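Trainee: Dropping a structure here in structure tokens format, bear with me for questions.
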Amino acid sequence: MRFIFLTILVAILVVFLNPVAPYWVVMIGIAVLGALIAPNGFGGFMGGGLGMGLTWLGQCIYLAINTNSPLPDRMGELMGLGSGMTLVAVTAVLGFLLGAFSGWAGVLFRNLLQHTPENVYRG
Amino acid sequence: MRFFSFFLVLAIALALALAVSMPIGQIPPLAPLLDPNHGFWQNTLSEDELAVEEVDLENLSAPVQVTYDQNLIPHIFAENEADLYRAQGYVTAQHRLWQMEFQTMAAAGRVSEIVGPIALDLDRMTRRKGLAYGAELGLKYLQESDSETLALIEAYADGVNQYIAQLSDARLPVEYKILNYRPEPWSAFKTLLLLKYMSDMLVGDRDLEFSNLRKILGEAKLNRLFPQFPAANDPIIESGKVWDFEPLPVSKPDSVDYPTDAILIEPLPQPEEGTGSNNWAVAGKKTKNGNPILANDPHLSLNLPSLWYAMQLSTPSNSVKGATLPGALGVISGFNQDIAWGVTNATRDTRDWYRITFQDKSRKAYRYGNGWKDTEFRLEQIKVKGQATFVDTVVYTHYGPIVYDRSFKTERQDVDFALKWTVHQGSNEQKTFLLMNKARNHSDYNRALDHYTAPAQNFVFASRSGDIAMRIQGKFPLKWPGQGKFLMDGADPRMEWQGYIPNAQNAATLNPERGFVSSANQHPTDSTYPYYVFDNTYEHYRNRRLNNRLREMDQITVEDMKELQFDDYNLQAAEALPVLISLLGTHKADSPEADKYLKELKSWDFFADPNQKGQTLYSIWSSETFESIWRELSGARAPVVRPSSYQTVELLAKYPRDSVFDVKSVEGVETAEYHVKAGFDSLLVAMAKWEAEEGDYAWTNYKKTTIQHLVPTFKSFSATNVYTGGGSGILNATGSRHGASWRMVVELGSQMEAFGVYPGGQSGNPGSKYYGNFIPVWAKGEYLDFGLRTQGSSEAVLFTTVLK
């Protein structure tokens, strides 16, 4: 559940924060969300990754379809990647990686602070 | 363990964030480029999708309305000129910021800053030519003598800078994102630099090549191959014009000692062949409606974003519309409520070379007359991306900068050549356009032109009151016949220019009897003009075709003028092909291919339309033949220039047994036939290869007209293989990389009727639907309606923005 919750919150963060802030500020934001919501490590990785990756994917596709612009194809050709579709995929993967490691780092940071009792007699 | 895993993942996240924020070699930082909210994805939005109703623009005295028509052509309505040009700067920057800046970076010799050491030689050459030096002098001139113009140029710069200040990452032009840099502030200096860039694009000289030719051929043969006037001279100012002025005296030295050593250095890059233009105006007596009609089509490199940007600029007292140059104020080729004007390049040798003799190795002084003159040193600091700044020391003489010396391009020779060029003199071209934009009549036009120095242009003019006129305007040095054709001895004061032709004595005409004025880069006048006006690149075909058509046309309409701009008739082929065919005789008569090609050539109507095969065959055959004729000459160790195609055809037709056709390396005596046959053999070889590799050899497939992005390696931002006809020496001068960069036809009736088009689009953004949307219109010879708009008109409005 927490993983799904994180995914949704990260997506919302990207939609509202990213237009006014560069990607690295968004990464910090995702880490904070990861720490606050605190799923397990894998959940933080996937929640941050899918939240950012899917949002970037959606934003690219939205722009490409709505504008019908030749630019994605032109950029794809320029970068030697063939078509604009490849660039959509590359953008989504990049978003996933940036979000995933941020989310995971956030979760691990929370774990670091969380005081798990040690050497306590549990009866 | 928890510490370890946290720091490991944190390290990965940081490393990742860092890696995608840095360039790797030529690859720009990935995250800023790909981020859908800031990166190139944002450049998929077209201007209409980003339209806003209001924009904050400071320093305006009243709100300015900008109405964009369906082609994204802005119509700016301002209360006064300062507001108007501030808005022009802002609006132009919105659509063309990267291009404006890139062109001025090129003119300033700063390309290395953007692309790295690959452009260092180019930048050194630009700086040694002194373009920025010329712009500095221009700025000084404005500061000292025309603060009014300077204030307007600064208002424009302020408009550009306010746009840059508001520019978000998302709206940054995509080229900045790819090349990973940001725009710097605009300035009045950059506007002046842009006008110098135009001079550099349009002005050439062949002094070094002619010096070599003189040595190789001797003066008599040189004059025969390069006569001052062609046999069929059809000049800009009509023949028989009476020059009603007392010319200034020019004294030729009794004896002239030209430096005679062969010059082995590589000459300056020349304006590309095919750079030229047409303009004309017909008087009411030749038109159907009785109104003058004016037409202009400048031929330049075909580039994206286009060199031109269409605009209407209105104040309560004036409305002007036409083609602007992003970075310069006002309209360059256009019309207002009362007049229309247009420009073609007035090629003339305004660039001369002097050999400098230094006193010693310190280069602090050089010989001049019986004494020595001091030099000045200018240190050019060239920033290079990814490397240390390169410092180039350029020595300045009173003539101008020493372009070639021991540290630049003279590896094989110890020489010092100084360049004297009108671009290095304080001048005020911008004022000409500011005044022309609001000219009402012929005397206003003349007053505007008096401020114009370089690049020299043939300014065509027509007014609603019925006048048509042409004036060849530039600052032209006063030269004795032959002066400046060859390298001169800088130590000899007799080699100095002896002043300048006064503006009032520049060749001009008003309402000539023949009912039209025209120019197509040909000789300015016939031989009766009292000044020496040499250039190597005068046109010999477009001008005659144009004047022949204008002479025979009557009851002319705007449609006729549009057709004439798109005229594909190849006069050179019409004159040369029968000569080639007759000289070929029965050569290769047994080859079926030869037979096929000859049949196609013989049935060709000499129109270089896109589907024509004859034009392709003629183009290859003639160029191979000319190549064969001049191969030995061009093969000389020192750089030379070839006689013109016109002169070559003259020789072929009239003197086929002339000694110029003899090839020394081949036994016997060769005549014209030898070269025509050799050219035909090359044609067969070339066609066999073409047919095997490419198949169709229709003209459009062969010439492959390409409109190239300003960064040639950005191939996918270019438009390639545009289906269109025309070619060099043809009125529709559209070759593979050059051609009509702007076409305009204006009928000056009670209401101005105007049509225009250029091969590009209003937007400089390769992601916008307005980036190349004019190209198909242009390629078909069609036009957009360019009529003046009124502020209240709501017809065909894309959107309106108020600046306040």
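Ordering of the structure tokens sets the chain letters (A, B, ...); residue numbers start at 1 within each chain; ligands are numbered from 1 in the order shown.
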Show me, as number ranges by chain, the residues of chain B whose atoms get within 8 Å of chain A, using only C-alpha atoms for the distance check.
Mentor: B: 2-3, 5-6, 9-10, 12-13, 16-17, 31-32, 34-38, 41-46, 714-717, 766-769
Trainee: Could you please take those selected residues and save N, CA, C and O atoms as a compact mmCIF listing (two decimals), in the first residue's frame?
Mentor:
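Output (out.txt):
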# COMPACT_ATOMS: atom_id res chain seq x y z
N ARG B 2 23.28 -0.48 7.93
CA ARG B 2 22.31 0.50 7.49
C ARG B 2 23.02 1.75 6.95
O ARG B 2 22.61 2.34 5.96
N PHE B 3 24.09 2.13 7.67
CA PHE B 3 24.87 3.27 7.20
C PHE B 3 25.41 2.98 5.82
O PHE B 3 25.32 3.80 4.91
N SER B 5 24.46 0.82 3.51
CA SER B 5 23.50 0.78 2.40
C SER B 5 22.97 2.17 2.09
O SER B 5 22.81 2.54 0.93
N PHE B 6 22.73 2.98 3.12
CA PHE B 6 22.25 4.33 2.85
C PHE B 6 23.26 5.12 2.02
O PHE B 6 22.95 5.71 0.99
N VAL B 9 23.54 3.89 -1.62
CA VAL B 9 22.43 4.32 -2.50
C VAL B 9 22.48 5.83 -2.71
O VAL B 9 22.27 6.33 -3.82
N LEU B 10 22.79 6.56 -1.64
CA LEU B 10 22.92 8.01 -1.78
C LEU B 10 24.01 8.35 -2.79
O LEU B 10 23.84 9.22 -3.67
N ILE B 12 25.05 6.52 -5.24
CA ILE B 12 24.58 6.20 -6.60
C ILE B 12 23.66 7.32 -7.10
O ILE B 12 23.79 7.79 -8.23
N ALA B 13 22.72 7.74 -6.22
CA ALA B 13 21.77 8.79 -6.63
C ALA B 13 22.51 10.07 -6.98
O ALA B 13 22.23 10.71 -8.01
N LEU B 16 24.49 9.69 -10.20
CA LEU B 16 23.56 9.69 -11.34
C LEU B 16 23.14 11.13 -11.65
O LEU B 16 23.17 11.58 -12.80
N ALA B 17 22.76 11.86 -10.58
CA ALA B 17 22.31 13.24 -10.78
C ALA B 17 23.42 14.08 -11.39
O ALA B 17 23.18 14.92 -12.26
N ALA B 31 19.95 15.27 -18.52
CA ALA B 31 18.71 15.54 -17.80
C ALA B 31 18.08 16.88 -18.18
O ALA B 31 16.89 16.92 -18.47
N PRO B 32 18.87 17.99 -18.23
CA PRO B 32 18.23 19.24 -18.65
C PRO B 32 17.67 19.16 -20.06
O PRO B 32 16.69 19.82 -20.38
N LEU B 34 16.46 16.32 -21.58
CA LEU B 34 15.34 15.38 -21.72
C LEU B 34 14.18 15.66 -20.75
O LEU B 34 13.08 15.18 -20.97
N ASP B 35 14.45 16.38 -19.67
CA ASP B 35 13.39 16.71 -18.73
C ASP B 35 12.18 17.29 -19.48
O ASP B 35 12.28 18.33 -20.11
N PRO B 36 11.03 16.62 -19.43
CA PRO B 36 9.89 17.08 -20.24
C PRO B 36 9.40 18.47 -19.86
O PRO B 36 8.73 19.12 -20.65
N ASN B 37 9.75 18.93 -18.65
CA ASN B 37 9.27 20.23 -18.21
C ASN B 37 10.20 21.38 -18.58
O ASN B 37 9.79 22.53 -18.53
N HIS B 38 11.45 21.08 -18.89
CA HIS B 38 12.40 22.14 -19.22
C HIS B 38 13.18 21.85 -20.48
O HIS B 38 13.71 22.77 -21.10
N TRP B 41 11.59 18.74 -25.01
CA TRP B 41 10.17 18.44 -25.19
C TRP B 41 9.32 19.69 -25.16
O TRP B 41 8.30 19.78 -25.83
N GLN B 42 9.77 20.68 -24.38
CA GLN B 42 9.01 21.94 -24.30
C GLN B 42 9.04 22.69 -25.64
O GLN B 42 8.16 23.49 -25.92
N ASN B 43 10.07 22.42 -26.45
CA ASN B 43 10.16 23.11 -27.74
C ASN B 43 9.25 22.48 -28.80
O ASN B 43 9.24 22.92 -29.94
N THR B 44 8.49 21.45 -28.39
CA THR B 44 7.51 20.91 -29.34
C THR B 44 6.29 21.83 -29.44
O THR B 44 5.49 21.71 -30.35
N LEU B 45 6.18 22.76 -28.48
CA LEU B 45 5.02 23.66 -28.50
C LEU B 45 5.22 24.77 -29.53
O LEU B 45 6.29 25.37 -29.60
N SER B 46 4.19 25.02 -30.32
CA SER B 46 4.26 26.11 -31.28
C SER B 46 3.83 27.41 -30.61
O SER B 46 3.22 27.39 -29.54
N PHE B 714 23.42 19.79 -37.86
CA PHE B 714 22.05 19.52 -37.40
C PHE B 714 21.19 19.18 -38.62
O PHE B 714 20.26 19.90 -38.97
N LYS B 715 21.53 18.04 -39.24
CA LYS B 715 20.91 17.73 -40.53
C LYS B 715 19.40 17.59 -40.43
O LYS B 715 18.67 17.94 -41.35
N SER B 716 18.92 17.04 -39.32
CA SER B 716 17.48 16.80 -39.24
C SER B 716 16.69 18.09 -39.03
O SER B 716 15.48 18.08 -39.11
N PHE B 717 17.39 19.21 -38.80
CA PHE B 717 16.70 20.50 -38.70
C PHE B 717 16.64 21.21 -40.06
O PHE B 717 16.17 22.32 -40.16
N PRO B 766 12.74 24.58 -34.43
CA PRO B 766 12.54 23.42 -35.31
C PRO B 766 11.38 22.54 -34.86
O PRO B 766 10.97 21.64 -35.58
N GLY B 767 10.86 22.79 -33.66
CA GLY B 767 9.71 22.00 -33.19
C GLY B 767 8.39 22.65 -33.52
O GLY B 767 7.34 22.04 -33.34
N SER B 768 8.44 23.89 -34.01
CA SER B 768 7.19 24.63 -34.23
C SER B 768 6.60 24.33 -35.60
O SER B 768 7.33 24.07 -36.56
N LYS B 769 5.27 24.44 -35.69
CA LYS B 769 4.66 24.25 -37.01
C LYS B 769 4.91 25.46 -37.91
O LYS B 769 4.61 25.44 -39.09
Trainee: Just list as a PyMOL selection string whatever in segment 687-738 of chain B DSSP marks as strand (DSSP E or B).
Mentor: chain B and resi 705-709+719-722+738
Trainee: Which of these residues is nearest to Leu139 of chain B, using only C-alpha atoms: B:Ala188, B:Met198, B:Ala170, B:Leu577?
Mentor: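 Result for the nearest residue to Leu139 of chain B: B:Ala188.
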Trainee: Find the residues around Gly130 of chain B up to 10 Å (only C-alpha atoms counted), leave out those fewer than 4 positions away in its own chain, and share them as a list in words.
Mentor: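 With the cut-off at 10 Å, the set is Ala107, Ala108, Gly109, Arg124, Met125, Thr126, Gly134, Ala135, Glu136, Lys196, Val394, Tyr396, Gly400, Pro401, Ile402, Val403, Leu419, Trp421, Val423 and His424 of chain B.
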Trainee: Write out as JSON, numbers by chain the set of residues from segment 107-168 of chain B that DSSP, computed on the backbone, places in alpha helix (DSSP H).
Mentor: {"B": [107, 111, 112, 113, 114, 115, 120, 121, 122, 123, 124, 125, 126, 127, 128, 131, 132, 133, 134, 135, 136, 137, 138, 139, 140, 141, 142, 143, 144, 145, 147, 148, 149, 150, 151, 152, 153, 154, 155, 156, 157, 158, 159, 160, 161, 162, 163, 164, 165, 166]}
Trainee: Tell me which protein, DNA and RNA residues are within 9 Å of Arg542 of chain B, counting only C-alpha atoms, leaving out same-chain ones fewer than 2 positions away, and put them as a list in words.
Mentor: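 So, after excluding close chain neighbours, the residues are Asn278, Ala520, Asn521, Gln522, Glu539, His540, Arg544, Arg545, Leu546, Asn547, Asn570, Leu571, Ser728, Gly729, Ile730, Leu731, Asn732 and Ala733 of chain B.
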Trainee: I'd like the contact shell of Asn345 of chain B - 7 Å cut-off, only C-alpha atoms, skipping same-chain residues fewer than 4 positions apart - returned as a compact mmCIF listing (two decimals) with C-alpha atoms, in the first residue's frame.
Mentor:
# COMPACT_ATOMS: atom_id res chain seq x y z
CA LEU B 202 28.12 39.83 -49.92
CA GLY B 276 22.99 37.68 -55.98
CA SER B 277 19.55 39.10 -56.42
CA ALA B 456 26.79 48.40 -51.57
CA GLN B 457 23.30 47.74 -52.87
CA ASN B 458 21.17 48.53 -55.89
CA ASN B 521 24.04 42.17 -60.09
Trainee: Quick one: residues within 8 Å of Val10 of chain A, only C-alpha atoms counted, chain neighbours fewer than 4 positions away excluded, as a list in words?
Mentor: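 Counting only the stated atoms, we get Leu6, Val14, Ile30, Leu33, Gly47, Gly48, Gly51 and Met52 of chain A.
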Trainee: Could you name the residues that touch Lys361 of chain B at 12 Å or less, counting only C-alpha atoms, but leaving out those on the same chain fewer than 3 positions away, as a PyMOL selection string?
Mentor: chain B and resi 357-358+364-366+405-406+414+416
Trainee: In Å, with one decimal, what is the gap from atom CA of Asp83 of chain B to atom CA of Gly159 of chain B?
Mentor: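 Rounded to one decimal, the two atoms are 9.2 Å apart.
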